[in-house]
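J.: Just query29.txt, nothing more (compact mmCIF, C-alpha atoms and all ligand atoms):
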```txt
# COMPACT_ATOMS: atom_id res chain seq x y z
CA MET Y 89 16.28 1.06 -8.09
CA PRO Y 90 18.21 3.89 -6.43
CA SER Y 91 19.42 3.79 -2.85
CA LYS Y 92 19.57 7.56 -2.38
CA SER Y 93 16.89 10.08 -3.26
CA MET Y 94 17.24 11.13 -6.86
CA PRO Y 95 15.03 12.31 -9.68
CA SER Y 96 13.78 9.44 -11.79
CA LYS Y 97 14.92 9.85 -15.38
CA SER Y 98 12.13 7.64 -16.65
CA ILE Y 99 9.52 10.36 -16.39
CA LEU Y 100 11.55 13.55 -16.38
CA ARG Y 101 10.37 15.84 -19.13
CA PRO Y 102 11.93 18.97 -20.57
CA SER Y 103 11.12 21.98 -18.43
CA ARG Y 104 8.67 24.60 -19.63
CA ARG Y 105 11.37 27.27 -19.20
CA SER Y 106 12.27 27.00 -22.88
CA LEU Y 107 8.77 28.22 -23.73
CA ILE Y 108 9.14 31.29 -21.55
CA LYS Y 109 12.62 32.03 -22.92
CA GLY Y 110 11.22 31.98 -26.46
CA ALA Y 111 8.90 34.93 -25.83
CA GLY Y 112 9.93 38.08 -27.78
CA ALA Y 113 11.07 41.13 -25.77
CA ALA Y 114 8.21 43.26 -27.07
CA THR Y 115 5.59 40.83 -25.84
CA LEU Y 116 7.25 40.08 -22.52
CA ALA Y 117 5.39 42.78 -20.65
CA THR Y 118 2.04 41.28 -21.50
CA THR Y 119 2.77 37.56 -21.66
CA ILE Y 120 5.24 36.91 -18.87
CA PRO Y 121 3.51 34.65 -16.38
CA THR Y 122 3.30 35.69 -12.77
CA GLY Y 123 2.33 34.12 -9.45
CA TRP Y 124 0.41 30.92 -9.87
CA ALA Y 125 1.15 30.76 -13.60
CA ILE Y 126 4.88 30.50 -12.86
CA ALA Y 127 4.31 27.92 -10.15
CA GLN Y 128 2.18 25.91 -12.55
CA ALA Y 129 4.97 25.91 -15.13
CA LYS Y 130 7.23 24.16 -12.65
CA PRO Y 131 7.03 20.39 -12.53
CA LEU Y 132 5.22 18.94 -9.55
CA LYS Y 133 7.78 17.22 -7.35
CA LEU Y 134 6.52 13.86 -6.13
CA GLY Y 135 8.55 12.01 -3.51
CA LEU Y 136 8.34 8.21 -3.55
CA MET Y 137 9.56 6.99 -0.18
CA LEU Y 138 9.53 3.21 -0.42
CA PRO Y 139 11.66 0.14 0.32
CA TYR Y 140 13.85 -0.69 -2.69
CA SER Y 141 16.04 -3.09 -0.68
CA GLY Y 142 15.39 -5.80 1.91
CA THR Y 143 12.45 -8.19 2.36
CA TYR Y 144 9.92 -5.58 1.08
CA ALA Y 145 11.94 -4.49 -2.01
CA LYS Y 146 9.58 -6.04 -4.55
CA LEU Y 147 6.61 -4.35 -2.87
CA GLY Y 148 8.27 -0.94 -3.25
CA GLU Y 149 9.18 -1.66 -6.86
CA ASN Y 150 5.67 -2.69 -7.89
CA ILE Y 151 4.16 0.38 -6.21
CA THR Y 152 6.66 2.58 -8.08
CA LEU Y 153 6.06 0.91 -11.45
CA ALA Y 154 2.30 1.35 -11.08
CA VAL Y 155 2.59 5.03 -10.07
CA GLU Y 156 4.74 5.58 -13.17
CA LEU Y 157 2.20 3.69 -15.30
CA LEU Y 158 -0.68 5.93 -14.19
CA ILE Y 159 1.35 9.09 -14.80
CA ALA Y 160 2.39 7.82 -18.25
CA GLU Y 161 -1.27 7.06 -19.07
CA LYS Y 162 -2.02 10.70 -18.22
CA GLY Y 163 0.64 11.87 -20.69
CA GLY Y 164 3.22 12.60 -17.97
CA LYS Y 165 1.05 15.29 -16.37
CA LEU Y 166 -1.29 15.47 -13.38
CA GLY Y 167 -3.66 18.42 -13.16
CA GLY Y 168 -1.85 19.99 -16.12
CA ARG Y 169 1.60 19.82 -14.48
CA GLU Y 170 4.61 17.77 -15.47
CA VAL Y 171 5.55 15.36 -12.70
CA GLN Y 172 9.11 14.95 -11.49
CA ILE Y 173 9.63 11.89 -9.31
CA VAL Y 174 12.23 11.77 -6.54
CA LYS Y 175 12.83 8.25 -5.22
CA LEU Y 176 14.15 7.41 -1.79
CA ASP Y 177 14.93 3.91 -0.53
CA ASP Y 178 13.64 3.79 3.06
CA GLU Y 179 14.99 0.21 3.45
CA ALA Y 180 11.89 -0.60 5.57
CA LYS Y 181 13.90 0.67 8.56
CA PRO Y 182 11.69 2.50 11.09
CA GLU Y 183 14.65 4.13 12.81
CA LEU Y 184 15.47 6.00 9.57
CA GLY Y 185 11.88 7.02 8.83
CA PRO Y 186 11.81 10.56 10.27
CA GLN Y 187 15.14 11.66 8.80
CA ASN Y 188 14.35 10.21 5.37
CA ALA Y 189 10.95 11.92 5.26
CA ASP Y 190 12.54 15.14 6.44
CA ARG Y 191 15.06 14.94 3.62
CA LEU Y 192 12.31 14.69 1.02
CA VAL Y 193 10.33 17.56 2.50
CA LYS Y 194 13.12 19.98 3.39
CA ARG Y 195 16.06 19.20 1.11
CA ASP Y 196 14.21 18.01 -1.99
CA GLY Y 197 11.20 20.28 -1.44
CA VAL Y 198 8.65 17.75 -2.66
CA ASP Y 199 5.04 18.87 -3.17
CA ALA Y 200 3.65 15.47 -2.16
CA ILE Y 201 4.84 12.09 -0.89
CA ILE Y 202 3.61 8.67 -1.87
CA GLY Y 203 4.96 6.38 0.86
CA THR Y 204 5.45 3.84 2.33
CA VAL Y 205 5.19 0.06 2.86
CA HIS Y 206 6.28 -0.61 6.47
CA SER Y 207 3.96 0.55 9.29
CA GLY Y 208 6.86 1.56 11.54
CA VAL Y 209 8.46 3.71 8.83
CA GLN Y 210 5.02 5.24 8.17
CA MET Y 211 4.91 6.58 11.71
CA GLY Y 212 8.15 8.47 10.96
CA ILE Y 213 6.71 9.94 7.74
CA HIS Y 214 3.53 10.78 9.59
CA LYS Y 215 5.33 12.81 12.23
CA VAL Y 216 7.10 14.84 9.53
CA VAL Y 217 4.10 15.48 7.27
CA ARG Y 218 1.82 16.36 10.17
CA GLU Y 219 4.30 19.10 11.06
CA SER Y 220 5.05 20.30 7.51
CA GLY Y 221 1.52 19.88 6.12
CA THR Y 222 2.90 18.07 3.04
CA LEU Y 223 0.31 15.96 1.24
CA CYS Y 224 0.96 12.25 1.88
CA ILE Y 225 -0.76 9.31 0.19
CA ILE Y 226 -0.06 5.92 1.73
CA PRO Y 227 0.31 3.17 -0.89
CA ASN Y 228 0.59 0.25 1.54
CA ALA Y 229 1.53 0.61 5.23
CA GLY Y 230 -1.54 -0.23 7.29
CA ALA Y 231 -0.64 1.38 10.66
CA ASN Y 232 -4.09 1.89 12.19
CA ALA Y 233 -3.21 5.11 14.03
CA VAL Y 234 -2.73 7.24 10.90
CA THR Y 235 -6.43 7.07 10.07
CA ARG Y 236 -7.59 6.81 13.68
CA ALA Y 237 -6.37 8.91 16.63
CA LEU Y 238 -3.50 10.50 14.66
CA CYS Y 239 -5.44 11.22 11.47
CA ALA Y 240 -4.53 14.39 9.59
CA LYS Y 241 -6.23 16.39 6.84
CA ASN Y 242 -3.17 16.10 4.56
CA VAL Y 243 -2.84 12.30 4.92
CA PHE Y 244 -4.87 9.83 2.84
CA ARG Y 245 -4.55 6.07 2.58
CA ALA Y 246 -5.12 4.28 -0.73
CA SER Y 247 -4.25 0.78 0.50
CA PHE Y 248 -5.92 -0.62 3.68
CA SER Y 249 -5.72 -0.38 7.46
CA ASN Y 250 -4.00 -3.30 9.17
CA TRP Y 251 -7.32 -4.11 10.77
CA GLN Y 252 -9.30 -4.46 7.50
CA PRO Y 253 -8.11 -7.56 5.58
CA ALA Y 254 -7.42 -9.60 8.72
CA TYR Y 255 -10.83 -8.75 10.19
CA GLY Y 256 -12.40 -9.87 6.90
CA MET Y 257 -10.56 -13.18 6.93
CA GLY Y 258 -11.55 -13.73 10.58
CA VAL Y 259 -15.20 -13.21 9.64
CA ALA Y 260 -14.89 -15.64 6.71
CA LEU Y 261 -13.37 -18.36 8.92
CA ALA Y 262 -15.97 -17.72 11.62
CA LYS Y 263 -18.71 -18.31 9.03
CA LYS Y 264 -17.07 -21.65 8.21
CA GLY Y 265 -17.25 -22.63 11.88
CA VAL Y 266 -13.50 -22.51 12.59
CA LYS Y 267 -13.04 -22.42 16.38
CA LYS Y 268 -9.40 -22.58 17.51
CA VAL Y 269 -6.68 -20.66 15.71
CA ALA Y 270 -3.04 -19.66 16.35
CA TRP Y 271 -1.86 -16.27 15.01
CA MET Y 272 1.70 -16.10 13.72
CA THR Y 273 3.49 -12.89 12.75
CA TRP Y 274 6.42 -10.56 12.77
CA ASP Y 275 6.22 -8.66 16.04
CA TYR Y 276 5.48 -5.12 14.88
CA ALA Y 277 2.45 -2.90 14.23
CA ALA Y 278 1.36 -4.53 10.96
CA GLY Y 279 1.26 -8.07 12.34
CA ASN Y 280 -0.04 -7.15 15.77
CA GLU Y 281 -2.84 -4.87 14.51
CA ALA Y 282 -3.78 -7.44 11.89
CA GLY Y 283 -3.84 -10.04 14.68
CA GLU Y 284 -6.27 -7.90 16.64
CA GLY Y 285 -8.51 -7.45 13.57
CA PHE Y 286 -8.38 -11.18 12.89
CA ARG Y 287 -9.33 -11.98 16.50
CA GLN Y 288 -12.33 -9.62 16.33
CA GLY Y 289 -13.47 -11.15 13.04
CA LEU Y 290 -13.13 -14.71 14.30
CA GLU Y 291 -15.03 -13.92 17.50
CA THR Y 292 -18.08 -12.88 15.46
CA GLY Y 293 -18.66 -16.64 15.06
CA GLY Y 294 -17.47 -17.72 18.49
CA GLY Y 295 -13.93 -18.67 17.37
CA LYS Y 296 -10.84 -17.94 19.49
CA VAL Y 297 -7.21 -17.05 18.88
CA VAL Y 298 -5.67 -19.37 21.46
CA GLN Y 299 -2.00 -18.57 20.93
CA GLU Y 300 0.20 -15.91 19.30
CA LEU Y 301 3.60 -16.86 17.93
CA LYS Y 302 5.94 -13.99 17.03
CA LEU Y 303 9.43 -13.20 15.85
CA PRO Y 304 11.12 -9.83 15.24
CA PHE Y 305 10.86 -8.17 11.78
CA PRO Y 306 12.43 -9.09 9.36
CA GLN Y 307 13.81 -12.32 10.85
CA THR Y 308 13.01 -15.62 9.17
CA ASN Y 309 14.02 -18.12 11.82
CA PHE Y 310 10.56 -19.75 11.70
CA GLN Y 311 11.52 -23.28 12.84
CA PRO Y 312 11.33 -22.80 16.64
CA LEU Y 313 7.80 -21.37 16.24
CA LEU Y 314 6.66 -24.04 13.77
CA ALA Y 315 7.87 -26.68 16.25
CA GLN Y 316 5.30 -25.46 18.80
CA ILE Y 317 2.29 -25.86 16.50
CA PRO Y 318 1.52 -29.60 16.88
CA SER Y 319 1.05 -29.22 20.65
CA LEU Y 320 -1.41 -26.30 20.28
CA ASP Y 321 -4.32 -28.40 19.05
CA VAL Y 322 -5.62 -25.69 16.67
CA ASP Y 323 -7.77 -26.03 13.53
CA ALA Y 324 -5.85 -23.34 11.65
CA VAL Y 325 -2.78 -21.15 11.76
CA ALA Y 326 -3.45 -17.62 10.49
CA ALA Y 327 -0.43 -15.47 9.71
CA PHE Y 328 0.82 -12.07 8.69
CA PHE Y 329 4.02 -12.14 6.65
CA ALA Y 330 4.74 -10.41 3.36
CA GLY Y 331 7.34 -10.14 0.62
CA GLY Y 332 10.45 -12.29 0.77
CA GLY Y 333 9.71 -13.39 4.34
CA ALA Y 334 6.27 -14.71 3.32
CA VAL Y 335 7.81 -16.79 0.53
CA GLN Y 336 10.11 -18.53 2.98
CA PHE Y 337 7.41 -18.90 5.65
CA VAL Y 338 4.84 -20.59 3.41
CA LYS Y 339 7.47 -22.95 1.99
CA GLU Y 340 8.69 -23.95 5.45
CA TYR Y 341 5.18 -24.32 6.87
CA LYS Y 342 4.20 -26.66 4.05
CA ALA Y 343 7.48 -28.58 4.16
CA ALA Y 344 6.91 -29.24 7.88
CA GLY Y 345 3.74 -31.20 7.00
CA LEU Y 346 1.70 -29.54 9.76
CA LYS Y 347 -1.96 -30.50 10.16
CA PRO Y 348 -3.64 -27.11 10.88
CA VAL Y 349 -4.66 -25.35 7.68
CA LEU Y 350 -2.52 -22.28 6.85
CA THR Y 351 -4.42 -19.05 6.19
CA GLY Y 352 -4.33 -15.33 7.05
CA SER Y 353 -4.02 -11.90 5.46
CA GLY Y 354 -3.67 -12.26 1.71
CA PHE Y 355 -0.21 -10.69 1.75
CA LEU Y 356 1.03 -14.24 2.39
CA THR Y 357 0.22 -15.20 -1.17
CA ASP Y 358 0.23 -11.86 -3.04
CA GLY Y 359 3.27 -11.10 -5.17
CA THR Y 360 4.81 -14.29 -3.76
CA LEU Y 361 3.21 -17.13 -5.70
CA GLU Y 362 5.81 -17.47 -8.42
CA ALA Y 363 8.55 -17.80 -5.81
CA ILE Y 364 6.57 -20.14 -3.53
CA GLY Y 365 5.47 -22.47 -6.33
CA ALA Y 366 3.27 -25.53 -5.79
CA ALA Y 367 3.35 -25.30 -1.97
CA ALA Y 368 0.82 -22.45 -2.05
CA GLU Y 369 -1.81 -24.25 -4.16
CA GLY Y 370 -5.20 -24.40 -2.41
CA MET Y 371 -4.37 -21.79 0.26
CA GLU Y 372 -7.25 -19.48 1.18
CA THR Y 373 -6.59 -15.95 2.41
CA GLY Y 374 -8.44 -12.64 2.79
CA LEU Y 375 -7.53 -9.43 0.98
CA HIS Y 376 -8.97 -6.41 -0.84
CA TYR Y 377 -7.78 -7.71 -4.20
CA GLY Y 378 -7.64 -10.91 -6.22
CA ASP Y 379 -5.83 -11.61 -9.51
CA GLY Y 380 -8.84 -12.73 -11.49
CA LEU Y 381 -11.31 -10.01 -10.48
CA ASP Y 382 -13.53 -9.80 -13.49
CA ASN Y 383 -14.04 -6.07 -13.93
CA PRO Y 384 -12.95 -4.03 -16.98
CA LYS Y 385 -10.55 -1.87 -14.95
CA ASN Y 386 -8.70 -4.87 -13.55
CA ILE Y 387 -8.42 -6.52 -16.94
CA ALA Y 388 -7.06 -3.32 -18.56
CA PHE Y 389 -4.75 -2.58 -15.62
CA ARG Y 390 -3.20 -6.06 -15.52
CA LYS Y 391 -2.53 -5.94 -19.25
CA ALA Y 392 -1.04 -2.44 -19.18
CA PHE Y 393 1.16 -3.31 -16.18
CA LYS Y 394 2.39 -6.51 -17.81
CA ASP Y 395 3.06 -4.82 -21.16
CA ARG Y 396 5.04 -2.02 -19.53
CA THR Y 397 6.94 -3.96 -16.85
CA GLN Y 398 6.91 -7.62 -17.95
CA ARG Y 399 5.64 -8.35 -14.41
CA GLU Y 400 2.31 -9.72 -13.21
CA ALA Y 401 0.33 -7.11 -11.25
CA ASP Y 402 -0.29 -7.80 -7.57
CA VAL Y 403 -1.99 -5.99 -4.69
CA TYR Y 404 0.99 -3.65 -4.29
CA ALA Y 405 0.81 -2.58 -7.93
CA VAL Y 406 -2.92 -1.95 -7.49
CA GLN Y 407 -2.30 0.18 -4.40
CA GLY Y 408 0.41 2.20 -6.18
CA TYR Y 409 -1.89 2.77 -9.12
CA ASP Y 410 -4.76 3.85 -6.86
CA SER Y 411 -2.47 6.17 -4.89
CA ALA Y 412 -1.59 7.92 -8.15
CA GLN Y 413 -5.26 7.89 -9.22
CA LEU Y 414 -6.23 9.59 -5.96
CA LEU Y 415 -3.49 12.19 -6.42
CA ALA Y 416 -4.65 12.77 -9.99
CA ILE Y 417 -8.26 13.30 -8.85
CA GLY Y 418 -7.10 15.93 -6.34
CA LEU Y 419 -4.74 17.71 -8.71
CA GLU Y 420 -7.23 17.78 -11.56
CA ALA Y 421 -9.78 19.47 -9.29
CA VAL Y 422 -7.34 22.30 -8.44
CA LYS Y 423 -5.64 22.39 -11.88
CA GLY Y 424 -2.29 21.42 -10.39
CA ASN Y 425 -2.36 24.08 -7.68
CA VAL Y 426 -1.30 22.09 -4.60
CA GLU Y 427 -1.43 25.30 -2.57
CA ASP Y 428 -5.23 25.19 -2.84
CA GLU Y 429 -5.40 22.76 0.06
CA ALA Y 430 -9.13 23.14 0.67
CA GLY Y 431 -9.96 22.32 -2.95
CA LEU Y 432 -7.41 19.51 -3.11
CA TYR Y 433 -8.55 17.70 0.02
CA LYS Y 434 -12.23 18.20 -0.73
CA ALA Y 435 -11.84 16.49 -4.11
CA MET Y 436 -9.78 13.66 -2.62
CA ARG Y 437 -12.21 13.09 0.25
CA SER Y 438 -15.12 12.71 -2.13
CA ALA Y 439 -13.15 10.61 -4.66
CA LYS Y 440 -14.67 7.49 -6.14
CA ILE Y 441 -11.67 5.57 -7.40
CA ASP Y 442 -12.20 3.27 -10.37
CA SER Y 443 -9.86 0.66 -8.91
CA PRO Y 444 -8.79 -2.74 -10.26
CA ARG Y 445 -9.93 -4.04 -6.84
CA GLY Y 446 -13.54 -2.93 -7.42
CA PRO Y 447 -15.36 0.11 -6.04
CA VAL Y 448 -13.33 2.29 -3.68
CA SER Y 449 -14.47 5.33 -1.74
CA ILE Y 450 -12.80 7.40 0.98
CA SER Y 451 -14.07 7.42 4.56
CA LYS Y 452 -14.30 10.43 6.87
CA SER Y 453 -10.94 9.45 8.34
CA GLN Y 454 -9.47 9.47 4.79
CA GLU Y 455 -9.16 5.70 4.62
CA VAL Y 456 -10.24 3.48 1.73
CA VAL Y 457 -13.57 1.66 1.95
CA HIS Y 458 -13.47 -1.53 -0.10
CA ASN Y 459 -14.52 -5.18 -0.32
CA ILE Y 460 -12.50 -7.85 1.44
CA TYR Y 461 -12.39 -10.94 -0.74
CA VAL Y 462 -11.68 -14.58 0.08
CA ARG Y 463 -9.22 -15.92 -2.46
CA ARG Y 464 -7.97 -19.44 -3.17
CA VAL Y 465 -4.64 -20.14 -4.87
CA GLU Y 466 -5.36 -21.96 -8.12
CA LYS Y 467 -2.69 -22.56 -10.75
CA GLY Y 468 -0.47 -19.84 -9.33
CA LEU Y 469 -3.19 -17.17 -9.10
CA ASN Y 470 -5.18 -15.76 -6.16
CA LYS Y 471 -8.64 -16.55 -7.48
CA VAL Y 472 -11.55 -14.73 -5.81
CA ILE Y 473 -14.03 -17.28 -4.43
CA GLY Y 474 -16.24 -14.93 -2.41
CA ILE Y 475 -16.65 -11.66 -0.59
CA ALA Y 476 -15.85 -11.87 3.13
CA VAL Y 477 -17.18 -8.40 3.93
CA GLU Y 478 -18.61 -5.93 1.42
CA ALA Y 479 -17.52 -2.25 1.52
CA LEU Y 480 -15.60 -2.64 4.77
CA ALA Y 481 -14.68 0.67 6.43
CA ASP Y 482 -12.08 0.91 9.18
CA PRO Y 483 -13.75 2.09 12.43
CA GLY Y 484 -11.57 5.25 12.31
CA THR Y 485 -11.75 5.37 16.11
CA GLY Y 486 -10.58 8.68 17.59
CA CYS Y 487 -10.21 10.53 14.27
CA LYS Y 488 -11.53 14.09 14.30
CA LEU Y 489 -11.17 15.96 11.02
C1 LIG R 1 2.95 -2.88 6.99
O1 LIG R 1 4.05 -2.83 7.58
O2 LIG R 1 2.01 -2.12 7.28
C2 LIG R 1 2.76 -3.89 5.93
C3 LIG R 1 3.84 -4.36 5.21
C4 LIG R 1 3.65 -5.27 4.18
C5 LIG R 1 2.37 -5.71 3.88
C6 LIG R 1 1.28 -5.24 4.59
C7 LIG R 1 1.47 -4.31 5.63
O3 LIG R 1 2.17 -6.57 2.89
```
With the file now loaded, output its structure as structure tokens.
Ligand code: PHB
T.:
Amino acid sequence: MPSKSMPSKSILRPSRRSLIKGAGAATLATTIPTGWAIAQAKPLKLGLMLPYSGTYAKLGENITLAVELLIAEKGGKLGGREVQIVKLDDEAKPELGPQNADRLVKRDGVDAIIGTVHSGVQMGIHKVVRESGTLCIIPNAGANAVTRALCAKNVFRASFSNWQPAYGMGVALAKKGVKKVAWMTWDYAAGNEAGEGFRQGLETGGGKVVQELKLPFPQTNFQPLLAQIPSLDVDAVAAFFAGGGAVQFVKEYKAAGLKPVLTGSGFLTDGTLEAIGAAAEGMETGLHYGDGLDNPKNIAFRKAFKDRTQREADVYAVQGYDSAQLLAIGLEAVKGNVEDEAGLYKAMRSAKIDSPRGPVSISKSQEVVHNIYVRRVEKGLNKVIGIAVEALADPGTGCKL
């Protein structure tokens, strides 16, 4: 994966210019395309701003591979236009977010951005696209604000809000009668907002988060925090970690032989099971996806993803695929004319995405509405064992669109 922004060769197609050049001089006056016809002949430039290095690298890769899969399934075109991808490694570094997004918008002149994974980096993208009006589809980062008080008509999320999966898992544990829980996380928006959602969910059944244990992102010095757990007298430890950090965390938690059951947002065990191995067996987590979801779309998607990439699909691949599906729905409605903002956003707002995760619609704050499942790790797969909350919408507090 590239470290600088560059066009991806994998889906670059010959330009349409050769067709125009082939027109005979006598017919030029009547056939030369003008205005929108010329714009349409140009490939649509799609910026992928994602982490291709660091603890979230695999997340960025799987999102990318799934976006490319959807575009390939559509014959390389969305809304009748060739798609040219420009990739930028954001390194999951919030401090670089604004300048990286600015580079895609101003230097590369992208028509749309699919990005990113890290909530802090998302806030940088958000600042830039709110100013420029560039269409942005979020394929992972859950930062609550972007579909709440800071919502914008050109920003849609195809993944989740940080509140959603953790709230769902809190509700599921509350229904089981779990009372005292410690929340453990990286200390940044994703983990803290998930912690708040989890607390709210758990309190629906009278449970309490009695302690929060945190370390800076992306540190993995878990031992001093794990050492505090025995004295907390909790029934469960719920956690937010993801990617490479989650692999190490689950392994160390299990190796420590701690009594409280380990649970949390499903990112702990999604895309990580091969690397964690046997230590994850039996873990129950909450998320908007599960490997074995028995719907035709999921079965077809997992096969197509595996055939094309030799990788197992995970929640990140699903979110990348759905981001591209949402873009396709918008572009098809306006026949590739991204300038037709009213038509584009109207179609996207009313989209019903046929997602591998099950039914997905878009809320008024342009956030996905979807089921939160309870999954149990069985034989290296996140098997769905129930629905924690059906068609869960983020509250969208403070969003006026
Ligand atoms: C986030 O930073 O919003 C984030 C990152 C990785 C995840 C989930 C959320 O798996």
J.: Would you mind listing the residues within 9 Å of ligand LIG 1 (chain R), counting only C-alpha atoms and all ligand atoms, as a PyMOL selection string?
T.: chain Y and resi 144+147+180+204-210+228-232+248-250+276-279+282+328-331+353-356+358+403-404
J.: Pick out the closest residue to Y:Ala260 from this set: Y:Arg463, Y:Arg445, Y:Lys394, Y:Lys385. Count all atoms listed in the file.
T.: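 Smallest separation from Y:Ala260 among the options: Y:Arg463.
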J.: Need the shell around Y:Ala392: protein/DNA/RNA residues with any atom at most 12 Å away, counting all atoms listed in the file. Skip same-chain ones fewer than 6 positions apart. Format as number ranges by chain?
T.: Y: 153-154, 156-158, 160-161, 385-386, 398-401, 405-406, 409, 444
J.: So how far away is atom CA of Y:Asp199 from atom CA of Y:Val155, in Å?
T.: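 About the pair atom CA of Y:Val155 and atom CA of Y:Asp199: they are 15.7 Å apart.
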J.: Within 8 Å of Y:Glu179, counting all atoms listed in the file, which residues qualify if same-chain residues fewer than 4 places away don't, as a PyMOL selection string?
T.: chain Y and resi 138-142+145
J.: Find the residue from Y:Ile475, Y:Asp442, Y:Asp190, Y:Ser453 that sits nearest to Y:Ala388; use all atoms listed in the file when measuring.
T.: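 Answer, going by the shortest atom-to-atom distance: Y:Asp442.
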J.: Using all atoms listed in the file, which protein or nucleic acid residues come within 9 Å of Y:Thr485? Drop anything in the same chain fewer than 4 positions from it, and give the result as a list in words.
T.: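 Skipping anything fewer than 4 positions along the chain leaves Ala233, Thr235, Arg236, Ala237 and Ser453 of chain Y.
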J.: Return as JSON the centre and edge lengths, in Å with one decimal, of the box along x, y and z that encloses every atom of stretch 292-308 of chain Y in the file, padded by 6 Å per side.
T.:
```
{"center_x": -2.4, "center_y": -13.8, "center_z": 15.3, "size_x": 44.5, "size_y": 23.2, "size_z": 24.3}
```
J.: Find the spatial neighbours of Y:Ala189, counting all atoms listed in the file, within a cut-off of 8 Å - ignore same-chain residues fewer than 6 positions away - and output them as a list in words.
T.: Met137, Gly212, Ile213, Val216 and Val217 of chain Y
J.: So which one's closest to Y:Cys487, Y:His376, Y:Lys241, Y:Arg437, Y:Lys165? Using only C-alpha atoms, please.
T.: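 Going through Y:His376, Y:Lys241, Y:Arg437, Y:Lys165 one by one, the smallest distance to Y:Cys487 is for Y:Lys241.
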J.: Check the smallest atom-to-atom distance from each of Y:Lys434, Y:Lys268, Y:Lys342, Y:Lys130 to Y:Gly168 using all atoms listed in the file, then report the winner.
T.: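 The closest residue to Y:Gly168 is Y:Lys130.
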J.: Add whatever atoms are absent from stretch 469-482 of chain Y to reach N, CA and C atoms, and provide the output as a PDB file, in the coordinates of the input.
T.:
```pdb
ATOM      1  N   LEU Y 469      -2.485 -18.453  -9.188  1.00  0.00           N
ATOM      2  CA  LEU Y 469      -3.190 -17.170  -9.100  1.00  0.00           C
ATOM      3  C   LEU Y 469      -4.085 -17.133  -7.867  1.00  0.00           C
ATOM      4  N   ASN Y 470      -4.253 -15.944  -7.294  1.00  0.00           N
ATOM      5  CA  ASN Y 470      -5.180 -15.760  -6.160  1.00  0.00           C
ATOM      6  C   ASN Y 470      -6.571 -15.541  -6.713  1.00  0.00           C
ATOM      7  N   LYS Y 471      -7.321 -16.636  -6.862  1.00  0.00           N
ATOM      8  CA  LYS Y 471      -8.640 -16.550  -7.480  1.00  0.00           C
ATOM      9  C   LYS Y 471      -9.693 -16.169  -6.441  1.00  0.00           C
ATOM     10  N   VAL Y 472     -10.507 -15.148  -6.754  1.00  0.00           N
ATOM     11  CA  VAL Y 472     -11.550 -14.730  -5.810  1.00  0.00           C
ATOM     12  C   VAL Y 472     -12.652 -15.779  -5.765  1.00  0.00           C
ATOM     13  N   ILE Y 473     -12.955 -16.272  -4.539  1.00  0.00           N
ATOM     14  CA  ILE Y 473     -14.030 -17.280  -4.430  1.00  0.00           C
ATOM     15  C   ILE Y 473     -15.228 -16.742  -3.643  1.00  0.00           C
ATOM     16  N   GLY Y 474     -15.101 -15.513  -3.127  1.00  0.00           N
ATOM     17  CA  GLY Y 474     -16.240 -14.930  -2.410  1.00  0.00           C
ATOM     18  C   GLY Y 474     -15.878 -13.599  -1.793  1.00  0.00           C
ATOM     19  N   ILE Y 475     -16.902 -12.922  -1.293  1.00  0.00           N
ATOM     20  CA  ILE Y 475     -16.650 -11.660  -0.590  1.00  0.00           C
ATOM     21  C   ILE Y 475     -16.825 -11.924   0.901  1.00  0.00           C
ATOM     22  N   ALA Y 476     -15.767 -11.657   1.676  1.00  0.00           N
ATOM     23  CA  ALA Y 476     -15.850 -11.870   3.130  1.00  0.00           C
ATOM     24  C   ALA Y 476     -16.701 -10.787   3.766  1.00  0.00           C
ATOM     25  N   VAL Y 477     -16.389  -9.531   3.442  1.00  0.00           N
ATOM     26  CA  VAL Y 477     -17.180  -8.400   3.930  1.00  0.00           C
ATOM     27  C   VAL Y 477     -17.237  -7.364   2.796  1.00  0.00           C
ATOM     28  N   GLU Y 478     -18.443  -6.925   2.491  1.00  0.00           N
ATOM     29  CA  GLU Y 478     -18.610  -5.930   1.420  1.00  0.00           C
ATOM     30  C   GLU Y 478     -18.375  -4.521   1.969  1.00  0.00           C
ATOM     31  N   ALA Y 479     -17.738  -3.674   1.183  1.00  0.00           N
ATOM     32  CA  ALA Y 479     -17.520  -2.250   1.520  1.00  0.00           C
ATOM     33  C   ALA Y 479     -17.142  -2.061   2.988  1.00  0.00           C
ATOM     34  N   LEU Y 480     -16.044  -2.690   3.365  1.00  0.00           N
ATOM     35  CA  LEU Y 480     -15.600  -2.640   4.770  1.00  0.00           C
ATOM     36  C   LEU Y 480     -14.846  -1.331   5.043  1.00  0.00           C
ATOM     37  N   ALA Y 481     -15.358  -0.564   6.015  1.00  0.00           N
ATOM     38  CA  ALA Y 481     -14.680   0.670   6.430  1.00  0.00           C
ATOM     39  C   ALA Y 481     -13.963   0.415   7.746  1.00  0.00           C
ATOM     40  N   ASP Y 482     -12.770   0.976   7.886  1.00  0.00           N
ATOM     41  CA  ASP Y 482     -12.080   0.910   9.180  1.00  0.00           C
ATOM     42  C   ASP Y 482     -12.913   1.722  10.176  1.00  0.00           C
TER      43      ASP Y 482
END
```
